[in-house]
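J.: Take this structure, written in structure tokens, and hold onto it; I'll ask about it next.
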Amino acid sequence: QVQLVESGGGLVQAGGSLRLSCAASGFIFIFNTMGWYRQAPGKQRELVAAITGGGSTNYADSVKGRFTISRDNRKNTVYLQMNSLKPEDTAVYYCNTNLRDLPRWGQGTQVTVSS
């Protein structure tokens, strides 16, 4: 059974930092590209960052230089280090992977940045 379990969200002031974690199970983690998406109220879900099994990364322009995605293939875990947070980063953050061309999602973790 595929599971993606996010943790690490919370309330932080603008300029602060948070680290999100996503523990994965039920598939061969090292073979899969992992992504972090976010969805703010009234907006579409958007890609924040992604990392391949080999460690190649890509980021949304809005988070470049502030967020860092990483993974530990021994722990089947992907991370999102978020620095210099802004109120516009407020959203539910979701962990994602694709299996057999179908997207799989975690339950999401709320990140709220106060001004």
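Residues are referred to by chain and number: the chain letter is A, B, ... according to the order shown in the structure tokens, the number counts from 1 in that chain, and ligands are numbered separately from 1 in the order shown.
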What lies within 6 Å of Tyr93 (chain A) using only C-alpha atoms, ignoring chain neighbours under 4 positions off, as a ChimeraX atom specification?

T.: /A:37-38,108-109

J.: Just write the chosen residues, C-alpha atoms, as an mmCIF file, in the first residue's frame.

T.:
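See out39.cif below for the written result:
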data_model
loop_
_atom_site.group_PDB
_atom_site.id
_atom_site.type_symbol
_atom_site.label_atom_id
_atom_site.label_comp_id
_atom_site.auth_asym_id
_atom_site.auth_seq_id
_atom_site.Cartn_x
_atom_site.Cartn_y
_atom_site.Cartn_z
ATOM 1 C CA TYR A 37 3.142 20.917 -4.284
ATOM 2 C CA ARG A 38 1.090 23.548 -2.532
ATOM 3 C CA GLY A 108 -1.049 17.582 3.223
ATOM 4 C CA THR A 109 0.405 19.770 5.934
#

J.: At a cut-off of 9 Å, using only C-alpha atoms, what residues contact Arg104 (chain A)? Leave out same-chain residues fewer than 2 positions from it and give the result as a PyMOL selection string.

T.: chain A and resi 2-4+95-99+102+106

J.: Restricting the output to C-alpha atoms, write the selected residues as an mmCIF file, in the first residue's frame.

T.:
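See again.cif below for the written result:
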data_model
loop_
_atom_site.group_PDB
_atom_site.id
_atom_site.type_symbol
_atom_site.label_atom_id
_atom_site.label_comp_id
_atom_site.auth_asym_id
_atom_site.auth_seq_id
_atom_site.Cartn_x
_atom_site.Cartn_y
_atom_site.Cartn_z
ATOM 1 C CA VAL A 2 1.432 3.333 -1.089
ATOM 2 C CA GLN A 3 1.657 5.920 1.660
ATOM 3 C CA LEU A 4 3.012 9.456 1.717
ATOM 4 C CA CYS A 95 4.013 15.400 -1.095
ATOM 5 C CA ASN A 96 3.669 13.736 -4.497
ATOM 6 C CA THR A 97 4.941 10.943 -6.649
ATOM 7 C CA ASN A 98 3.679 9.220 -9.772
ATOM 8 C CA LEU A 99 3.200 5.464 -9.972
ATOM 9 C CA LEU A 102 -1.034 8.028 -11.674
ATOM 10 C CA GLY A 106 -0.137 12.689 0.919
#

J.: Find the spatial neighbours of Asp61 (chain A), counting only C-alpha atoms, within a cut-off of 12 Å - ignore same-chain residues fewer than 2 positions away - and output them as number ranges by chain.

T.: A: 46-49, 58-59, 63-67
